[in-house]
Amino acid sequence: PPRSLSASAPRDFQCIPAGDLPAADVLAFAQGLRNKTAELSGAQLSCLARLLAAKNLTADFSGYPPDLLLFFDSAEVRGETCGAFYARASRGNLDLLPRGSARRTGLLRGALACLGVRSSRLRPEQLGSLGALVCDMEPETITASDPGILENLKLCPALTRAQRDALNAVLLGGGTLYGHPSSWDLQTLQSLGPLVLALSRPTLSLVAQAAREAFGRSVVATYGTQGRSQREKSLTLLRAFAAAVASSPPRLKRSTDRCLLAPITAGTVSDPCLLLSYDTSEQFDLCLSNEVLKANLQPLLGQPLPVQYLWVVKKKLEQIYPLGIPEEQLRVLGPLSRQYTAEEIALWPVTSSETLAALLDPSDGKWGAAQIQQLLSRYLALGGTLTGPLLRKISGRNLCNLQEEQLKQISPEAIATAGQLNISSCSQAKKDQLYRKAQEAFAGQAGSPRAYYCRIRPYLGGAPAEDLKDLAQAGVAIDMDMDTFLALNPDELQKLSVTDVKNLLGENLPYLKEAENETSVMRWVKRQSQRELDCTLGIGLHGGTEEPSPTGTAAPPRPATSAS
């Protein structure tokens, strides 16, 4: 029966074969996303772009969200609409495409060609169409272009060090609408938006101290309502402003052997301006008693404490709990938990799934590989079990840091309720192990090949060739997407026949030509008969083995194909 798509739950979108969906449903789903693409992964957006292409629905792109356009085939963009296409696509989240990837560099090349850019100096009208694509341009372009390039740079998820240096050079020149840094006030700093994150210490030191302090207070005041990524940016800002204060003309030297301000109390630990009042970690240490800390640990750790301040809290907790932090306190450590070493984590009493779930909260920052491995090992050693919800919090990447013996403790039932885990960073042995568990978890759906494929897809990197052949010979096209195909075990891929590959890819077979330079594909092609590649696939793959002619002589060369 035909499948259906719901834009109200985009996170649940799975790569359904195009033949299962009416074109009207695909169109309605894509247009209904609008601002919901943040809930879709790059793999999901790539799949949706292929679905639209298969239904010939890419020509009128005006109703699609910009993130989706990043995954369109830029070679198919028509000349008469290329300007509008790149202007819209450039508003997408470039972080969805790895910096330096073929798709990302191809977008920039296509945009520059479309706009007729032939020098490093970009004019205002060109900048208006390039949007975030400027983020991948060289530093000399930043300094040579119209100062309006700063508005483009606000769209960049991240800038390289060289790009940041170029940005600061432009600002220090004073020729932008923001004026010279020495003239900036609170409103100017707020108008700079994300560019404030790229300001160097010399640039910040030129900004009036009153403006810096007012801006710092505005950042701290909104910290409690921010998400994880924004909190990380806020902390970066506060640290940069603190460094700028240190490089400013020194104030009257103060003694640091006693608290020079009012002691921190239960009433002040939640004050948005706490960090601005206690502007050094030394004064924060001297003014915070162990008694106040013990009674107010959770609200205090809700503050955007820089690393030096977190170290102060950690030292005091060691004094308060010399025999180790109690489990109930572990649950409220938040960002402080990331300051503990793997050796220290090995002593934590992580006995409940609630404690582990609290420690895994992504809004508190990233764990190091050794830290997360030790945290999970400790939980399992104390008798804990990894449920589906916990696996979702752990994520596939962190799951791959577990030892093979520890992975054995994960039940198939947990895999069945864990959702789509990305295990691409796992070793081959761990992929094989997780695949076997997933195979058991979804065995009940094996009679419906398409449904089974959608569930087992993240784990197919561990599938043996015989299981892949079973999928290929199921009698129902599963239309395996190219990302999944390229993630198959390379050694098992070599055992598949040309017909197996054709049946697995189905409607996605033409994309195999685009992947012909991938190592695993090149190896597979060399093992196949060129005649079978031509006759069975017919997509222009070359490099297979040539068969001798009936007379025993080499087969005549194939006629050259047209460059068109």
# chains A, B, ... in the order shown; residues from 1 in each chain; ligands from 1
>>> residues_around(residues="Ile415 (chain A)", least_positions_apart="2", cutoff="10 Å", atoms="only C-alpha atoms", output="VMD selection string")
chain A and resid 386 to 389 391 to 392 410 to 413 417 to 421 434 to 435 437 to 442
>>> write_last_selection(atoms="N, CA and C atoms", output="PDB file, in the first residue's frame")
ATOM      1  N   LEU A 386      21.511  -0.788  29.692  1.00  0.00           N
ATOM      2  CA  LEU A 386      21.336   0.255  28.685  1.00  0.00           C
ATOM      3  C   LEU A 386      20.006   0.031  27.964  1.00  0.00           C
ATOM      4  N   THR A 387      19.046   0.878  28.245  1.00  0.00           N
ATOM      5  CA  THR A 387      17.727   0.801  27.624  1.00  0.00           C
ATOM      6  C   THR A 387      17.715   1.595  26.314  1.00  0.00           C
ATOM      7  N   GLY A 388      16.637   1.460  25.555  1.00  0.00           N
ATOM      8  CA  GLY A 388      16.511   2.217  24.314  1.00  0.00           C
ATOM      9  C   GLY A 388      16.623   3.722  24.524  1.00  0.00           C
ATOM     10  N   PRO A 389      15.873   4.316  25.479  1.00  0.00           N
ATOM     11  CA  PRO A 389      15.994   5.757  25.724  1.00  0.00           C
ATOM     12  C   PRO A 389      17.411   6.179  26.101  1.00  0.00           C
ATOM     13  N   LEU A 391      20.179   4.637  25.137  1.00  0.00           N
ATOM     14  CA  LEU A 391      20.990   4.540  23.914  1.00  0.00           C
ATOM     15  C   LEU A 391      20.804   5.783  23.052  1.00  0.00           C
ATOM     16  N   ARG A 392      19.579   6.323  23.009  1.00  0.00           N
ATOM     17  CA  ARG A 392      19.351   7.553  22.244  1.00  0.00           C
ATOM     18  C   ARG A 392      20.158   8.703  22.835  1.00  0.00           C
ATOM     19  N   ILE A 410      24.016  -5.117  25.747  1.00  0.00           N
ATOM     20  CA  ILE A 410      22.861  -4.411  25.173  1.00  0.00           C
ATOM     21  C   ILE A 410      21.892  -5.445  24.615  1.00  0.00           C
ATOM     22  N   SER A 411      20.645  -5.351  25.002  1.00  0.00           N
ATOM     23  CA  SER A 411      19.652  -6.323  24.541  1.00  0.00           C
ATOM     24  C   SER A 411      19.078  -5.918  23.194  1.00  0.00           C
ATOM     25  N   PRO A 412      18.597  -6.884  22.417  1.00  0.00           N
ATOM     26  CA  PRO A 412      17.911  -6.552  21.163  1.00  0.00           C
ATOM     27  C   PRO A 412      16.700  -5.646  21.406  1.00  0.00           C
ATOM     28  N   GLU A 413      16.039  -5.819  22.548  1.00  0.00           N
ATOM     29  CA  GLU A 413      14.879  -4.992  22.869  1.00  0.00           C
ATOM     30  C   GLU A 413      15.277  -3.521  22.991  1.00  0.00           C
ATOM     31  N   THR A 417      14.099  -0.070  20.486  1.00  0.00           N
ATOM     32  CA  THR A 417      13.474   1.174  20.949  1.00  0.00           C
ATOM     33  C   THR A 417      14.443   2.348  20.975  1.00  0.00           C
ATOM     34  N   ALA A 418      15.624   2.163  20.377  1.00  0.00           N
ATOM     35  CA  ALA A 418      16.658   3.212  20.428  1.00  0.00           C
ATOM     36  C   ALA A 418      16.542   4.218  19.297  1.00  0.00           C
ATOM     37  N   GLY A 419      15.680   3.967  18.318  1.00  0.00           N
ATOM     38  CA  GLY A 419      15.590   4.889  17.189  1.00  0.00           C
ATOM     39  C   GLY A 419      16.752   4.687  16.224  1.00  0.00           C
ATOM     40  N   GLN A 420      17.021   5.709  15.404  1.00  0.00           N
ATOM     41  CA  GLN A 420      18.045   5.621  14.367  1.00  0.00           C
ATOM     42  C   GLN A 420      19.414   6.019  14.942  1.00  0.00           C
ATOM     43  N   LEU A 421      20.235   5.037  15.284  1.00  0.00           N
ATOM     44  CA  LEU A 421      21.568   5.306  15.820  1.00  0.00           C
ATOM     45  C   LEU A 421      22.588   5.349  14.682  1.00  0.00           C
ATOM     46  N   LEU A 434      26.599  -5.133  16.525  1.00  0.00           N
ATOM     47  CA  LEU A 434      25.345  -4.386  16.637  1.00  0.00           C
ATOM     48  C   LEU A 434      24.346  -4.818  15.568  1.00  0.00           C
ATOM     49  N   TYR A 435      24.853  -5.183  14.391  1.00  0.00           N
ATOM     50  CA  TYR A 435      23.958  -5.662  13.329  1.00  0.00           C
ATOM     51  C   TYR A 435      23.236  -6.926  13.776  1.00  0.00           C
ATOM     52  N   LYS A 437      22.466  -7.866  16.725  1.00  0.00           N
ATOM     53  CA  LYS A 437      21.439  -7.514  17.703  1.00  0.00           C
ATOM     54  C   LYS A 437      20.235  -6.870  17.008  1.00  0.00           C
ATOM     55  N   ALA A 438      20.502  -5.991  16.054  1.00  0.00           N
ATOM     56  CA  ALA A 438      19.413  -5.339  15.327  1.00  0.00           C
ATOM     57  C   ALA A 438      18.627  -6.361  14.508  1.00  0.00           C
ATOM     58  N   GLN A 439      19.337  -7.312  13.939  1.00  0.00           N
ATOM     59  CA  GLN A 439      18.680  -8.360  13.148  1.00  0.00           C
ATOM     60  C   GLN A 439      17.693  -9.132  14.017  1.00  0.00           C
ATOM     61  N   GLU A 440      18.101  -9.412  15.240  1.00  0.00           N
ATOM     62  CA  GLU A 440      17.202 -10.108  16.169  1.00  0.00           C
ATOM     63  C   GLU A 440      16.063  -9.184  16.596  1.00  0.00           C
ATOM     64  N   ALA A 441      16.376  -7.895  16.809  1.00  0.00           N
ATOM     65  CA  ALA A 441      15.365  -6.947  17.269  1.00  0.00           C
ATOM     66  C   ALA A 441      14.236  -6.766  16.255  1.00  0.00           C
ATOM     67  N   PHE A 442      14.581  -6.774  14.971  1.00  0.00           N
ATOM     68  CA  PHE A 442      13.593  -6.473  13.930  1.00  0.00           C
ATOM     69  C   PHE A 442      13.172  -7.711  13.131  1.00  0.00           C
TER      70      PHE A 442
END
>>> atom_distance(atom1="CA of Ser520 (chain A)", atom2="CA of Thr545 (chain A)")
16.3 Å
>>> closest_residue(among="A:Leu300, A:Ile456, A:Met480, A:Ala429", to="Asp271 (chain A)", atoms="only C-alpha atoms")
A:Leu300
>>> residues_around(residues="Gln339 (chain A)", least_positions_apart="4", cutoff="9 Å", atoms="only C-alpha atoms", output="list in words")
Val307, Leu310, Trp311, Lys314 and Pro335 of chain A
>>> closest_residue(among="A:Tyr459, A:Ala208, A:Ala414, A:Ala54", to="Arg436 (chain A)", atoms="only C-alpha atoms")
A:Tyr459
>>> select_by_dssp(residues="region 269-322 of chain A", states="alpha helix (DSSP H)", output="short mmCIF file (atom, residue, chain, number, x, y, z; two decimals) with N, CA and C atoms, in the first residue's frame")
data_model
loop_
_atom_site.label_atom_id
_atom_site.label_comp_id
_atom_site.auth_asym_id
_atom_site.auth_seq_id
_atom_site.Cartn_x
_atom_site.Cartn_y
_atom_site.Cartn_z
N LEU A 274 25.95 37.72 38.64
CA LEU A 274 26.91 37.16 39.58
C LEU A 274 28.34 37.21 39.04
N LEU A 275 28.52 36.78 37.79
CA LEU A 275 29.88 36.73 37.22
C LEU A 275 30.47 38.12 37.03
N LEU A 276 29.62 39.10 36.78
CA LEU A 276 30.13 40.44 36.59
C LEU A 276 30.50 41.08 37.93
N SER A 277 29.84 40.64 38.99
CA SER A 277 30.17 41.16 40.33
C SER A 277 31.45 40.52 40.85
N SER A 281 38.12 34.54 39.26
CA SER A 281 37.86 33.26 39.91
C SER A 281 38.40 33.27 41.34
N GLU A 282 39.43 34.10 41.60
CA GLU A 282 39.97 34.19 42.96
C GLU A 282 38.94 34.77 43.92
N GLN A 283 38.28 35.89 43.52
CA GLN A 283 37.27 36.48 44.38
C GLN A 283 36.04 35.56 44.49
N PHE A 284 35.70 34.88 43.42
CA PHE A 284 34.60 33.91 43.45
C PHE A 284 34.90 32.83 44.49
N ASP A 285 36.14 32.37 44.53
CA ASP A 285 36.57 31.34 45.48
C ASP A 285 36.49 31.87 46.91
N LEU A 286 37.03 33.07 47.14
CA LEU A 286 37.10 33.62 48.49
C LEU A 286 35.74 34.02 49.05
N CYS A 287 34.81 34.36 48.15
CA CYS A 287 33.50 34.84 48.60
C CYS A 287 32.44 33.75 48.66
N ASN A 290 31.79 26.92 51.59
CA ASN A 290 31.40 25.55 51.32
C ASN A 290 29.95 25.28 51.72
N GLU A 291 29.50 25.94 52.77
CA GLU A 291 28.14 25.74 53.25
C GLU A 291 27.12 26.23 52.22
N VAL A 292 27.37 27.43 51.67
CA VAL A 292 26.47 27.98 50.65
C VAL A 292 26.51 27.11 49.40
N LEU A 293 27.68 26.65 49.02
CA LEU A 293 27.81 25.81 47.83
C LEU A 293 27.03 24.51 48.00
N LYS A 294 27.21 23.84 49.14
CA LYS A 294 26.55 22.55 49.36
C LYS A 294 25.03 22.68 49.30
N ALA A 295 24.51 23.78 49.84
CA ALA A 295 23.05 23.96 49.89
C ALA A 295 22.47 24.50 48.58
N LEU A 297 24.03 24.02 45.23
CA LEU A 297 24.86 23.56 44.12
C LEU A 297 24.13 23.67 42.78
N GLN A 298 22.88 23.22 42.71
CA GLN A 298 22.16 23.21 41.43
C GLN A 298 21.94 24.61 40.86
N PRO A 299 21.42 25.58 41.63
CA PRO A 299 21.25 26.91 41.04
C PRO A 299 22.58 27.57 40.69
N LEU A 300 23.63 27.31 41.46
CA LEU A 300 24.92 27.91 41.15
C LEU A 300 25.46 27.36 39.83
N LEU A 301 25.29 26.05 39.62
CA LEU A 301 25.78 25.45 38.38
C LEU A 301 24.88 25.80 37.19
N VAL A 307 35.48 27.98 32.85
CA VAL A 307 36.19 26.81 33.35
C VAL A 307 36.90 27.08 34.67
N GLN A 308 37.53 28.27 34.81
CA GLN A 308 38.26 28.56 36.05
C GLN A 308 37.32 28.57 37.25
N TYR A 309 36.09 29.04 37.05
CA TYR A 309 35.11 29.06 38.13
C TYR A 309 34.63 27.63 38.44
N LEU A 310 34.48 26.82 37.39
CA LEU A 310 34.08 25.43 37.61
C LEU A 310 35.14 24.68 38.41
N TRP A 311 36.40 25.01 38.17
CA TRP A 311 37.47 24.36 38.94
C TRP A 311 37.38 24.72 40.41
N VAL A 312 36.98 25.96 40.69
CA VAL A 312 36.79 26.39 42.08
C VAL A 312 35.72 25.53 42.74
N VAL A 313 34.58 25.35 42.04
CA VAL A 313 33.49 24.54 42.57
C VAL A 313 33.94 23.09 42.76
N LYS A 314 34.68 22.57 41.81
CA LYS A 314 35.16 21.19 41.91
C LYS A 314 36.05 21.01 43.14
N LYS A 315 36.95 21.97 43.37
CA LYS A 315 37.86 21.89 44.52
C LYS A 315 37.07 21.92 45.83
N LYS A 316 36.06 22.76 45.89
CA LYS A 316 35.26 22.87 47.12
C LYS A 316 34.44 21.60 47.36
N LEU A 317 33.94 20.99 46.27
CA LEU A 317 33.19 19.74 46.42
C LEU A 317 34.08 18.63 46.95
N GLU A 318 35.35 18.64 46.58
CA GLU A 318 36.29 17.65 47.11
C GLU A 318 36.48 17.83 48.61
N GLN A 319 36.40 19.10 49.06
CA GLN A 319 36.51 19.39 50.49
C GLN A 319 35.24 18.97 51.23
N ILE A 320 34.10 19.21 50.58
CA ILE A 320 32.81 18.90 51.21
C ILE A 320 32.58 17.40 51.28
#
>>> atom_distance(atom1="CA of Leu382 (chain A)", atom2="CA of Ala370 (chain A)")
18.3 Å
>>> residues_around(residues="Ser90 (chain A)", least_positions_apart="2", cutoff="10 Å", atoms="only C-alpha atoms", output="PDB file with N, CA, C and O atoms, in the first residue's frame")
ATOM      1  N   PRO A  66      15.479  26.422   2.717  1.00  0.00           N
ATOM      2  CA  PRO A  66      16.865  26.536   2.229  1.00  0.00           C
ATOM      3  C   PRO A  66      17.736  25.340   2.559  1.00  0.00           C
ATOM      4  O   PRO A  66      18.569  24.932   1.746  1.00  0.00           O
ATOM      5  N   ASP A  67      17.573  24.748   3.754  1.00  0.00           N
ATOM      6  CA  ASP A  67      18.403  23.596   4.114  1.00  0.00           C
ATOM      7  C   ASP A  67      18.261  22.470   3.096  1.00  0.00           C
ATOM      8  O   ASP A  67      19.222  21.769   2.779  1.00  0.00           O
ATOM      9  N   LEU A  69      17.593  22.753  -0.106  1.00  0.00           N
ATOM     10  CA  LEU A  69      18.230  23.092  -1.387  1.00  0.00           C
ATOM     11  C   LEU A  69      19.722  22.774  -1.380  1.00  0.00           C
ATOM     12  O   LEU A  69      20.322  22.580  -2.444  1.00  0.00           O
ATOM     13  N   LEU A  70      20.332  22.737  -0.205  1.00  0.00           N
ATOM     14  CA  LEU A  70      21.757  22.406  -0.125  1.00  0.00           C
ATOM     15  C   LEU A  70      22.038  21.015  -0.691  1.00  0.00           C
ATOM     16  O   LEU A  70      23.170  20.712  -1.087  1.00  0.00           O
ATOM     17  N   ALA A  84      18.312  33.024  -8.273  1.00  0.00           N
ATOM     18  CA  ALA A  84      17.310  32.848  -7.220  1.00  0.00           C
ATOM     19  C   ALA A  84      17.578  31.575  -6.420  1.00  0.00           C
ATOM     20  O   ALA A  84      17.384  31.546  -5.191  1.00  0.00           O
ATOM     21  N   PHE A  85      18.035  30.515  -7.115  1.00  0.00           N
ATOM     22  CA  PHE A  85      18.312  29.248  -6.424  1.00  0.00           C
ATOM     23  C   PHE A  85      19.415  29.435  -5.382  1.00  0.00           C
ATOM     24  O   PHE A  85      19.260  29.055  -4.209  1.00  0.00           O
ATOM     25  N   TYR A  86      20.549  30.026  -5.800  1.00  0.00           N
ATOM     26  CA  TYR A  86      21.672  30.153  -4.871  1.00  0.00           C
ATOM     27  C   TYR A  86      21.381  31.173  -3.777  1.00  0.00           C
ATOM     28  O   TYR A  86      21.858  31.025  -2.641  1.00  0.00           O
ATOM     29  N   ALA A  87      20.600  32.195  -4.082  1.00  0.00           N
ATOM     30  CA  ALA A  87      20.231  33.173  -3.052  1.00  0.00           C
ATOM     31  C   ALA A  87      19.430  32.485  -1.944  1.00  0.00           C
ATOM     32  O   ALA A  87      19.586  32.797  -0.759  1.00  0.00           O
ATOM     33  N   ARG A  88      18.557  31.542  -2.334  1.00  0.00           N
ATOM     34  CA  ARG A  88      17.757  30.830  -1.331  1.00  0.00           C
ATOM     35  C   ARG A  88      18.575  29.743  -0.621  1.00  0.00           C
ATOM     36  O   ARG A  88      18.533  29.616   0.597  1.00  0.00           O
ATOM     37  N   GLY A  92      20.700  28.463   3.933  1.00  0.00           N
ATOM     38  CA  GLY A  92      20.641  27.198   4.658  1.00  0.00           C
ATOM     39  C   GLY A  92      21.771  27.057   5.664  1.00  0.00           C
ATOM     40  O   GLY A  92      22.709  27.857   5.703  1.00  0.00           O
ATOM     41  N   ASN A  93      21.690  26.007   6.456  1.00  0.00           N
ATOM     42  CA  ASN A  93      22.693  25.716   7.476  1.00  0.00           C
ATOM     43  C   ASN A  93      23.852  24.937   6.858  1.00  0.00           C
ATOM     44  O   ASN A  93      23.761  23.724   6.655  1.00  0.00           O
ATOM     45  N   LEU A  94      24.945  25.632   6.581  1.00  0.00           N
ATOM     46  CA  LEU A  94      26.083  24.995   5.916  1.00  0.00           C
ATOM     47  C   LEU A  94      26.721  23.887   6.746  1.00  0.00           C
ATOM     48  O   LEU A  94      27.444  23.043   6.212  1.00  0.00           O
ATOM     49  N   LEU A 107      28.615  23.779  -4.527  1.00  0.00           N
ATOM     50  CA  LEU A 107      27.645  24.863  -4.358  1.00  0.00           C
ATOM     51  C   LEU A 107      28.300  26.216  -4.569  1.00  0.00           C
ATOM     52  O   LEU A 107      27.779  27.087  -5.272  1.00  0.00           O
ATOM     53  N   LEU A 108      29.479  26.408  -3.947  1.00  0.00           N
ATOM     54  CA  LEU A 108      30.163  27.690  -4.081  1.00  0.00           C
ATOM     55  C   LEU A 108      30.604  27.926  -5.526  1.00  0.00           C
ATOM     56  O   LEU A 108      30.426  29.026  -6.072  1.00  0.00           O
ATOM     57  N   ALA A 111      27.606  28.866  -7.605  1.00  0.00           N
ATOM     58  CA  ALA A 111      27.110  30.210  -7.311  1.00  0.00           C
ATOM     59  C   ALA A 111      28.006  31.273  -7.933  1.00  0.00           C
ATOM     60  O   ALA A 111      27.527  32.258  -8.510  1.00  0.00           O
ATOM     61  N   GLY A 128      24.678  39.847  -1.863  1.00  0.00           N
ATOM     62  CA  GLY A 128      23.280  39.608  -1.562  1.00  0.00           C
ATOM     63  C   GLY A 128      22.799  38.242  -2.010  1.00  0.00           C
ATOM     64  O   GLY A 128      21.907  37.648  -1.402  1.00  0.00           O
ATOM     65  N   SER A 129      23.396  37.717  -3.069  1.00  0.00           N
ATOM     66  CA  SER A 129      23.001  36.405  -3.582  1.00  0.00           C
ATOM     67  C   SER A 129      23.830  35.263  -3.006  1.00  0.00           C
ATOM     68  O   SER A 129      23.395  34.114  -2.992  1.00  0.00           O
ATOM     69  N   LEU A 130      25.027  35.579  -2.515  1.00  0.00           N
ATOM     70  CA  LEU A 130      25.909  34.512  -2.021  1.00  0.00           C
ATOM     71  C   LEU A 130      25.576  34.077  -0.600  1.00  0.00           C
ATOM     72  O   LEU A 130      25.831  32.937  -0.216  1.00  0.00           O
ATOM     73  N   GLY A 131      25.015  34.961   0.212  1.00  0.00           N
ATOM     74  CA  GLY A 131      24.637  34.597   1.573  1.00  0.00           C
ATOM     75  C   GLY A 131      25.740  33.893   2.328  1.00  0.00           C
ATOM     76  O   GLY A 131      26.894  34.330   2.357  1.00  0.00           O
ATOM     77  N   ALA A 132      25.409  32.741   2.927  1.00  0.00           N
ATOM     78  CA  ALA A 132      26.368  32.004   3.754  1.00  0.00           C
ATOM     79  C   ALA A 132      27.457  31.315   2.945  1.00  0.00           C
ATOM     80  O   ALA A 132      28.436  30.837   3.519  1.00  0.00           O
ATOM     81  N   LEU A 133      27.322  31.254   1.614  1.00  0.00           N
ATOM     82  CA  LEU A 133      28.360  30.614   0.807  1.00  0.00           C
ATOM     83  C   LEU A 133      29.679  31.373   0.900  1.00  0.00           C
ATOM     84  O   LEU A 133      30.744  30.818   0.617  1.00  0.00           O
ATOM     85  N   VAL A 134      29.617  32.633   1.320  1.00  0.00           N
ATOM     86  CA  VAL A 134      30.837  33.424   1.537  1.00  0.00           C
ATOM     87  C   VAL A 134      31.690  32.791   2.633  1.00  0.00           C
ATOM     88  O   VAL A 134      32.906  32.985   2.673  1.00  0.00           O
ATOM     89  N   CYS A 135      31.068  31.997   3.496  1.00  0.00           N
ATOM     90  CA  CYS A 135      31.782  31.393   4.627  1.00  0.00           C
ATOM     91  C   CYS A 135      32.958  30.523   4.194  1.00  0.00           C
ATOM     92  O   CYS A 135      33.859  30.250   4.990  1.00  0.00           O
ATOM     93  N   ASN A 152      27.259  38.959   5.548  1.00  0.00           N
ATOM     94  CA  ASN A 152      27.318  37.560   5.121  1.00  0.00           C
ATOM     95  C   ASN A 152      28.001  36.696   6.169  1.00  0.00           C
ATOM     96  O   ASN A 152      27.567  35.588   6.448  1.00  0.00           O
ATOM     97  N   LEU A 155      26.292  34.857   8.972  1.00  0.00           N
ATOM     98  CA  LEU A 155      25.572  33.617   8.691  1.00  0.00           C
ATOM     99  C   LEU A 155      26.440  32.381   8.861  1.00  0.00           C
ATOM    100  O   LEU A 155      25.947  31.258   8.779  1.00  0.00           O
TER     101      LEU A 155
END
>>> residues_around(residues="Tyr178 (chain A)", least_positions_apart="3", cutoff="12 Å", atoms="only C-alpha atoms", output="PyMOL selection string")
chain A and resi 147-148+150-151+170-175+181-193+195
>>> closest_residue(among="A:Lys431, A:Gln473, A:Asp481, A:Glu213", to="Leu460 (chain A)", atoms="only C-alpha atoms")
A:Lys431
>>> residues_around(residues="Ile394 (chain A)", least_positions_apart="6", cutoff="12 Å", atoms="only C-alpha atoms", output="ChimeraX atom specification")
/A:353,356-362,366-367,369,372-373,375-376,386-388,400-402,418-419,421-423
>>> closest_residue(among="A:Ile539, A:Ala221, A:Leu486, A:Cys114", to="Leu509 (chain A)", atoms="only C-alpha atoms")
A:Ile539
>>> decode(residues="region 448-469 of chain A", atoms="C-alpha atoms", output="PDB file, in the first residue's frame")
ATOM      1  CA  SER A 448       7.930  -7.054   4.926  1.00  0.00           C
ATOM      2  CA  PRO A 449      11.230  -6.165   3.180  1.00  0.00           C
ATOM      3  CA  ARG A 450      10.634  -2.415   2.925  1.00  0.00           C
ATOM      4  CA  ALA A 451       9.602  -1.986   6.553  1.00  0.00           C
ATOM      5  CA  TYR A 452      12.463  -4.244   7.656  1.00  0.00           C
ATOM      6  CA  TYR A 453      14.959  -2.246   5.597  1.00  0.00           C
ATOM      7  CA  CYS A 454      13.856   1.048   7.146  1.00  0.00           C
ATOM      8  CA  ARG A 455      14.483  -0.327  10.642  1.00  0.00           C
ATOM      9  CA  ILE A 456      17.689  -2.285   9.954  1.00  0.00           C
ATOM     10  CA  ARG A 457      19.242   0.376   7.669  1.00  0.00           C
ATOM     11  CA  PRO A 458      21.504   2.092  10.283  1.00  0.00           C
ATOM     12  CA  TYR A 459      23.084  -1.273  11.122  1.00  0.00           C
ATOM     13  CA  LEU A 460      23.656  -2.661   7.617  1.00  0.00           C
ATOM     14  CA  GLY A 461      27.337  -1.728   7.823  1.00  0.00           C
ATOM     15  CA  GLY A 462      27.695  -4.966   9.771  1.00  0.00           C
ATOM     16  CA  ALA A 463      25.622  -7.167   7.456  1.00  0.00           C
ATOM     17  CA  PRO A 464      27.243 -10.221   5.832  1.00  0.00           C
ATOM     18  CA  ALA A 465      26.903 -10.690   2.079  1.00  0.00           C
ATOM     19  CA  GLU A 466      24.356 -13.486   2.394  1.00  0.00           C
ATOM     20  CA  ASP A 467      21.958 -11.182   4.273  1.00  0.00           C
ATOM     21  CA  LEU A 468      22.439  -8.432   1.702  1.00  0.00           C
ATOM     22  CA  LYS A 469      21.697 -10.967  -1.046  1.00  0.00           C
TER      23      LYS A 469
END
